[in-house]
Amino acid sequence: MPRPSLLARLGLDRPELRAWAMYDWATSSVQTTVMVAVFPIYFVKVAGAGIPESGATQRLALVNSVALIIIAGLSPVLGAVSDYAAAKKRFIAAFMVMGAAATGGLALVHTGDLGLASWLFVLVLVGAAGSFVFYEALLPHIARPEEIDRVSTAGYAFGYIGGGLLLALNLAWIQKPAWFGLPAGPGLTEAQATLPARLAFLSVAAWWVLFSLPLFRRVPEPPARIEPDERRGENPVAVAFNRLTETFHELRGYRQAFVMLLAFLIYNDGIQTIIKMATAYGTEIGIGQSALIGAILLVQFVGIPCSFLFGALAGRIGAKQALFLGLLAYTAISVLGYYMRTAAHFYILAGLVGMVQGGTQALSRSLFASMIPPHKSGEFFGFFSIFEKFAGIFGPLIFAGAIAASGSSRNAILSVIAFFAVGAGLLALVNVEEGQRAAREAEAQVAPPLAPPPASPLR
């Protein structure tokens, strides 16, 4: 039997798989530059100028919460609509256009424009998170069961590459504007001083749109499938609400996927707490800003090969067992974080996070995708999105409570281990084979695919 090609081993041997992964490349620049590294500082220092930094930080947290609530409310309904109307790519396009336009609009934010910055940031977050619901829902349609783990981890690896490359370029012209012919030195006007950061936001918008094009050109729209009690030509929104109601009653039929969602909610809460609190914790113990930014880049570039390796590991031992290894690594990271003292320690921890972050999240996605019927992928990934967005709410609260109780962030970092332990316990209850069998049986009961809709630029 011939040895599979390198692209096949990476989960990228067909054009539609590479095109699908490129959307992660496109949107990860939003995560790195806008959500993590550049815009939060710009929001506090520039848009929030004139009010206490704590007030601007509080507003930023509120904006994140508003966006989360919007996506949590929209995701399941729109996901069900996309299944019935064969509209996943159209929804990706709509959210992408809205989010990219808002990202470019951030370049219009100047000193004191806190309201404008807040509303635009909400649109950015909703656009990115909303489009990802339908992007992830395409996964079980384009990947065969035996390759779904590799394809999912390849998407995360592409995301690390795309997000890391643009962030490195953005930070280069922000830190050294003269190298790029941008205004530099003393005596700059407000518009000149903020120009590098504002250009970074424009670059993210352009990057997002440009690298989304392969998905629209190469990834086919999954055909519509209707349930036995449905008719063609019904109102898609009415069908969506009916489907969601039925799904709540049918959860026992997808028990393994539901337990997987619960496990993901718990252990991803711990992962998101580490992501959100790492730089604040590092700052508190005296690690400089340049080291913190360097660590963010390190996570991106270590994550590239390690995401691919996690896909290969899942092929050997199974996605569930690979996830257990990732959660064990996160437990070790929390313990090591307790003893962290120097920037060198922080870099080591960043490297460890980069080794497991993409792999654990990618395999969570692919394991869930393998246990849901493809004809309801939009609906189920709408629920997945809710659980993903709410992950990270309780972790920071417990983190803050541990600080209040013990007076130390070092003790708080150990509290995160509980999320990995409980999440791993729930994951152990998941019978993957039974979940995959239930998904296959449900898929076999639906009507044959509808004829594909007329060709359009997005199909």
# chains A, B, ... in the order shown; residues from 1 in each chain; ligands from 1
$ residues_around --residues "range 57-72 of chain A" --least-positions-apart "6" --cutoff "9 Å" --atoms "only C-alpha atoms" --output "list in words"
Pro40, Phe43, Val44, Gly48, Leu114, Ser118, Trp119, Phe121, Val122, Leu123, Val124, Leu125, Val126, Ala129, Gly130, Gly382, Phe383, Ser385, Ile386, Phe387, Lys389 and Phe390 of chain A
$ write_last_selection --atoms "C-alpha atoms" --output "PDB file, in the first residue's frame"
ATOM      1  CA  PRO A  40      -7.002  46.383  23.767  1.00  0.00           C
ATOM      2  CA  PHE A  43      -8.814  51.057  23.409  1.00  0.00           C
ATOM      3  CA  VAL A  44      -7.518  51.917  26.887  1.00  0.00           C
ATOM      4  CA  GLY A  48     -10.396  55.764  26.556  1.00  0.00           C
ATOM      5  CA  LEU A 114     -14.737  55.496  23.274  1.00  0.00           C
ATOM      6  CA  SER A 118     -17.009  50.183  21.560  1.00  0.00           C
ATOM      7  CA  TRP A 119     -19.684  49.763  18.887  1.00  0.00           C
ATOM      8  CA  PHE A 121     -15.501  46.348  18.388  1.00  0.00           C
ATOM      9  CA  VAL A 122     -18.857  44.674  19.065  1.00  0.00           C
ATOM     10  CA  LEU A 123     -19.390  44.355  15.298  1.00  0.00           C
ATOM     11  CA  VAL A 124     -15.876  42.973  14.838  1.00  0.00           C
ATOM     12  CA  LEU A 125     -16.412  40.310  17.497  1.00  0.00           C
ATOM     13  CA  VAL A 126     -19.871  39.366  16.214  1.00  0.00           C
ATOM     14  CA  ALA A 129     -17.450  34.660  15.914  1.00  0.00           C
ATOM     15  CA  GLY A 130     -20.592  34.526  13.775  1.00  0.00           C
ATOM     16  CA  GLY A 382     -24.571  26.891  16.854  1.00  0.00           C
ATOM     17  CA  PHE A 383     -24.835  25.124  20.214  1.00  0.00           C
ATOM     18  CA  SER A 385     -20.591  28.206  19.694  1.00  0.00           C
ATOM     19  CA  ILE A 386     -22.734  28.949  22.754  1.00  0.00           C
ATOM     20  CA  PHE A 387     -20.703  26.577  24.904  1.00  0.00           C
ATOM     21  CA  LYS A 389     -18.475  31.581  24.157  1.00  0.00           C
ATOM     22  CA  PHE A 390     -19.631  30.887  27.700  1.00  0.00           C
TER      23      PHE A 390
END
$ residues_around --residues "Val34 in chain A" --least-positions-apart "4" --cutoff "10 Å" --atoms "only C-alpha atoms" --output "PyMOL selection string"
chain A and resi 28-30+38-42+103+106+121+124-125+167+200-201+204
$ atom_distance --atom1 "CA of Gly11 in chain A" --atom2 "CA of Phe258 in chain A"
26.4 Å
$ residues_around --residues "Leu6 in chain A" --least-positions-apart "4" --cutoff "12 Å" --atoms "only C-alpha atoms" --output "list in words"
Leu10, Gly11, Leu12, Asp13, Arg14, Arg150, Phe308 and Ala312 of chain A
$ residues_around --residues "Arg365 in chain A" --least-positions-apart "2" --cutoff "12 Å" --atoms "only C-alpha atoms" --output "number ranges by chain"
A: 132-133, 135-140, 148-153, 155-156, 257, 260-261, 264, 268, 311, 319-320, 323, 358-363, 367-372, 377, 380-381, 384-385, 387-388
$ atom_distance --atom1 "CA of Gln175 in chain A" --atom2 "CA of Ser290 in chain A"
10.1 Å
$ atom_distance --atom1 "CA of Phe158 in chain A" --atom2 "CA of Trp25 in chain A"
5.0 Å
$ decode --residues "range 116-158 of chain A" --atoms "N, CA and C atoms" --output "PDB file, in the first residue's frame"
ATOM      1  N   LEU A 116     -17.504  55.144  19.733  1.00  0.00           N
ATOM      2  CA  LEU A 116     -17.286  54.598  18.396  1.00  0.00           C
ATOM      3  C   LEU A 116     -16.461  53.315  18.477  1.00  0.00           C
ATOM      4  N   ALA A 117     -15.402  53.350  19.273  1.00  0.00           N
ATOM      5  CA  ALA A 117     -14.557  52.161  19.417  1.00  0.00           C
ATOM      6  C   ALA A 117     -15.352  50.989  19.968  1.00  0.00           C
ATOM      7  N   SER A 118     -16.232  51.252  20.924  1.00  0.00           N
ATOM      8  CA  SER A 118     -17.009  50.183  21.560  1.00  0.00           C
ATOM      9  C   SER A 118     -17.951  49.520  20.566  1.00  0.00           C
ATOM     10  N   TRP A 119     -18.717  50.325  19.826  1.00  0.00           N
ATOM     11  CA  TRP A 119     -19.684  49.763  18.887  1.00  0.00           C
ATOM     12  C   TRP A 119     -18.995  49.037  17.739  1.00  0.00           C
ATOM     13  N   LEU A 120     -17.903  49.595  17.243  1.00  0.00           N
ATOM     14  CA  LEU A 120     -17.189  48.917  16.166  1.00  0.00           C
ATOM     15  C   LEU A 120     -16.607  47.588  16.646  1.00  0.00           C
ATOM     16  N   PHE A 121     -16.093  47.575  17.866  1.00  0.00           N
ATOM     17  CA  PHE A 121     -15.501  46.348  18.388  1.00  0.00           C
ATOM     18  C   PHE A 121     -16.560  45.265  18.563  1.00  0.00           C
ATOM     19  N   VAL A 122     -17.760  45.638  18.983  1.00  0.00           N
ATOM     20  CA  VAL A 122     -18.857  44.674  19.065  1.00  0.00           C
ATOM     21  C   VAL A 122     -19.103  44.045  17.695  1.00  0.00           C
ATOM     22  N   LEU A 123     -19.152  44.866  16.650  1.00  0.00           N
ATOM     23  CA  LEU A 123     -19.390  44.355  15.298  1.00  0.00           C
ATOM     24  C   LEU A 123     -18.247  43.460  14.833  1.00  0.00           C
ATOM     25  N   VAL A 124     -17.027  43.819  15.196  1.00  0.00           N
ATOM     26  CA  VAL A 124     -15.876  42.973  14.838  1.00  0.00           C
ATOM     27  C   VAL A 124     -16.024  41.595  15.476  1.00  0.00           C
ATOM     28  N   LEU A 125     -16.313  41.572  16.784  1.00  0.00           N
ATOM     29  CA  LEU A 125     -16.412  40.310  17.497  1.00  0.00           C
ATOM     30  C   LEU A 125     -17.568  39.463  16.975  1.00  0.00           C
ATOM     31  N   VAL A 126     -18.712  40.097  16.731  1.00  0.00           N
ATOM     32  CA  VAL A 126     -19.871  39.366  16.214  1.00  0.00           C
ATOM     33  C   VAL A 126     -19.573  38.836  14.813  1.00  0.00           C
ATOM     34  N   GLY A 127     -18.915  39.641  13.984  1.00  0.00           N
ATOM     35  CA  GLY A 127     -18.580  39.195  12.637  1.00  0.00           C
ATOM     36  C   GLY A 127     -17.653  38.000  12.637  1.00  0.00           C
ATOM     37  N   ALA A 128     -16.609  38.055  13.461  1.00  0.00           N
ATOM     38  CA  ALA A 128     -15.642  36.958  13.491  1.00  0.00           C
ATOM     39  C   ALA A 128     -16.253  35.691  14.084  1.00  0.00           C
ATOM     40  N   ALA A 129     -16.876  35.834  15.256  1.00  0.00           N
ATOM     41  CA  ALA A 129     -17.450  34.660  15.914  1.00  0.00           C
ATOM     42  C   ALA A 129     -18.623  34.099  15.122  1.00  0.00           C
ATOM     43  N   GLY A 130     -19.454  34.986  14.547  1.00  0.00           N
ATOM     44  CA  GLY A 130     -20.592  34.526  13.775  1.00  0.00           C
ATOM     45  C   GLY A 130     -20.181  33.753  12.538  1.00  0.00           C
ATOM     46  N   SER A 131     -19.192  34.252  11.820  1.00  0.00           N
ATOM     47  CA  SER A 131     -18.753  33.548  10.616  1.00  0.00           C
ATOM     48  C   SER A 131     -18.150  32.194  10.954  1.00  0.00           C
ATOM     49  N   PHE A 132     -17.528  32.100  12.135  1.00  0.00           N
ATOM     50  CA  PHE A 132     -16.857  30.853  12.510  1.00  0.00           C
ATOM     51  C   PHE A 132     -17.855  29.740  12.798  1.00  0.00           C
ATOM     52  N   VAL A 133     -19.057  30.088  13.235  1.00  0.00           N
ATOM     53  CA  VAL A 133     -20.082  29.068  13.457  1.00  0.00           C
ATOM     54  C   VAL A 133     -20.318  28.278  12.173  1.00  0.00           C
ATOM     55  N   PHE A 134     -20.472  28.974  11.065  1.00  0.00           N
ATOM     56  CA  PHE A 134     -20.794  28.327   9.795  1.00  0.00           C
ATOM     57  C   PHE A 134     -19.551  27.735   9.145  1.00  0.00           C
ATOM     58  N   TYR A 135     -18.403  28.357   9.385  1.00  0.00           N
ATOM     59  CA  TYR A 135     -17.134  27.792   8.916  1.00  0.00           C
ATOM     60  C   TYR A 135     -16.903  26.423   9.544  1.00  0.00           C
ATOM     61  N   GLU A 136     -17.088  26.323  10.850  1.00  0.00           N
ATOM     62  CA  GLU A 136     -16.879  25.040  11.523  1.00  0.00           C
ATOM     63  C   GLU A 136     -17.944  24.025  11.123  1.00  0.00           C
ATOM     64  N   ALA A 137     -19.149  24.505  10.824  1.00  0.00           N
ATOM     65  CA  ALA A 137     -20.215  23.601  10.409  1.00  0.00           C
ATOM     66  C   ALA A 137     -19.933  22.955   9.061  1.00  0.00           C
ATOM     67  N   LEU A 138     -19.024  23.514   8.271  1.00  0.00           N
ATOM     68  CA  LEU A 138     -18.640  22.906   6.996  1.00  0.00           C
ATOM     69  C   LEU A 138     -17.736  21.692   7.188  1.00  0.00           C
ATOM     70  N   LEU A 139     -17.084  21.588   8.357  1.00  0.00           N
ATOM     71  CA  LEU A 139     -16.065  20.555   8.561  1.00  0.00           C
ATOM     72  C   LEU A 139     -16.571  19.138   8.303  1.00  0.00           C
ATOM     73  N   PRO A 140     -17.703  18.702   8.903  1.00  0.00           N
ATOM     74  CA  PRO A 140     -18.116  17.312   8.654  1.00  0.00           C
ATOM     75  C   PRO A 140     -18.592  17.055   7.226  1.00  0.00           C
ATOM     76  N   HIS A 141     -18.760  18.097   6.430  1.00  0.00           N
ATOM     77  CA  HIS A 141     -19.184  17.935   5.037  1.00  0.00           C
ATOM     78  C   HIS A 141     -17.997  17.769   4.091  1.00  0.00           C
ATOM     79  N   ILE A 142     -16.862  18.341   4.444  1.00  0.00           N
ATOM     80  CA  ILE A 142     -15.724  18.289   3.524  1.00  0.00           C
ATOM     81  C   ILE A 142     -14.692  17.244   3.916  1.00  0.00           C
ATOM     82  N   ALA A 143     -14.704  16.807   5.179  1.00  0.00           N
ATOM     83  CA  ALA A 143     -13.693  15.864   5.661  1.00  0.00           C
ATOM     84  C   ALA A 143     -14.316  14.495   5.887  1.00  0.00           C
ATOM     85  N   ARG A 144     -13.623  13.470   5.422  1.00  0.00           N
ATOM     86  CA  ARG A 144     -14.074  12.103   5.683  1.00  0.00           C
ATOM     87  C   ARG A 144     -13.819  11.752   7.153  1.00  0.00           C
ATOM     88  N   PRO A 145     -14.563  10.787   7.701  1.00  0.00           N
ATOM     89  CA  PRO A 145     -14.406  10.466   9.132  1.00  0.00           C
ATOM     90  C   PRO A 145     -12.976  10.169   9.551  1.00  0.00           C
ATOM     91  N   GLU A 146     -12.237   9.468   8.694  1.00  0.00           N
ATOM     92  CA  GLU A 146     -10.878   9.081   9.075  1.00  0.00           C
ATOM     93  C   GLU A 146      -9.877  10.236   9.002  1.00  0.00           C
ATOM     94  N   GLU A 147     -10.263  11.360   8.419  1.00  0.00           N
ATOM     95  CA  GLU A 147      -9.337  12.480   8.276  1.00  0.00           C
ATOM     96  C   GLU A 147      -9.781  13.737   9.009  1.00  0.00           C
ATOM     97  N   ILE A 148     -10.924  13.665   9.701  1.00  0.00           N
ATOM     98  CA  ILE A 148     -11.509  14.887  10.256  1.00  0.00           C
ATOM     99  C   ILE A 148     -10.612  15.521  11.321  1.00  0.00           C
ATOM    100  N   ASP A 149      -9.903  14.697  12.119  1.00  0.00           N
ATOM    101  CA  ASP A 149      -8.999  15.255  13.134  1.00  0.00           C
ATOM    102  C   ASP A 149      -7.837  15.997  12.485  1.00  0.00           C
ATOM    103  N   ARG A 150      -7.258  15.411  11.440  1.00  0.00           N
ATOM    104  CA  ARG A 150      -6.127  16.053  10.757  1.00  0.00           C
ATOM    105  C   ARG A 150      -6.558  17.360  10.096  1.00  0.00           C
ATOM    106  N   VAL A 151      -7.748  17.358   9.492  1.00  0.00           N
ATOM    107  CA  VAL A 151      -8.223  18.567   8.813  1.00  0.00           C
ATOM    108  C   VAL A 151      -8.469  19.681   9.836  1.00  0.00           C
ATOM    109  N   SER A 152      -9.092  19.331  10.961  1.00  0.00           N
ATOM    110  CA  SER A 152      -9.372  20.338  11.978  1.00  0.00           C
ATOM    111  C   SER A 152      -8.093  20.939  12.539  1.00  0.00           C
ATOM    112  N   THR A 153      -7.095  20.094  12.839  1.00  0.00           N
ATOM    113  CA  THR A 153      -5.835  20.621  13.376  1.00  0.00           C
ATOM    114  C   THR A 153      -5.083  21.412  12.310  1.00  0.00           C
ATOM    115  N   ALA A 154      -5.228  21.031  11.039  1.00  0.00           N
ATOM    116  CA  ALA A 154      -4.593  21.815   9.972  1.00  0.00           C
ATOM    117  C   ALA A 154      -5.173  23.218   9.930  1.00  0.00           C
ATOM    118  N   GLY A 155      -6.492  23.341  10.152  1.00  0.00           N
ATOM    119  CA  GLY A 155      -7.101  24.665  10.200  1.00  0.00           C
ATOM    120  C   GLY A 155      -6.488  25.520  11.287  1.00  0.00           C
ATOM    121  N   TYR A 156      -6.322  24.940  12.487  1.00  0.00           N
ATOM    122  CA  TYR A 156      -5.703  25.701  13.579  1.00  0.00           C
ATOM    123  C   TYR A 156      -4.257  26.073  13.250  1.00  0.00           C
ATOM    124  N   ALA A 157      -3.534  25.153  12.618  1.00  0.00           N
ATOM    125  CA  ALA A 157      -2.150  25.455  12.245  1.00  0.00           C
ATOM    126  C   ALA A 157      -2.091  26.615  11.259  1.00  0.00           C
ATOM    127  N   PHE A 158      -2.974  26.601  10.266  1.00  0.00           N
ATOM    128  CA  PHE A 158      -3.038  27.717   9.317  1.00  0.00           C
ATOM    129  C   PHE A 158      -3.373  29.013  10.052  1.00  0.00           C
TER     130      PHE A 158
END
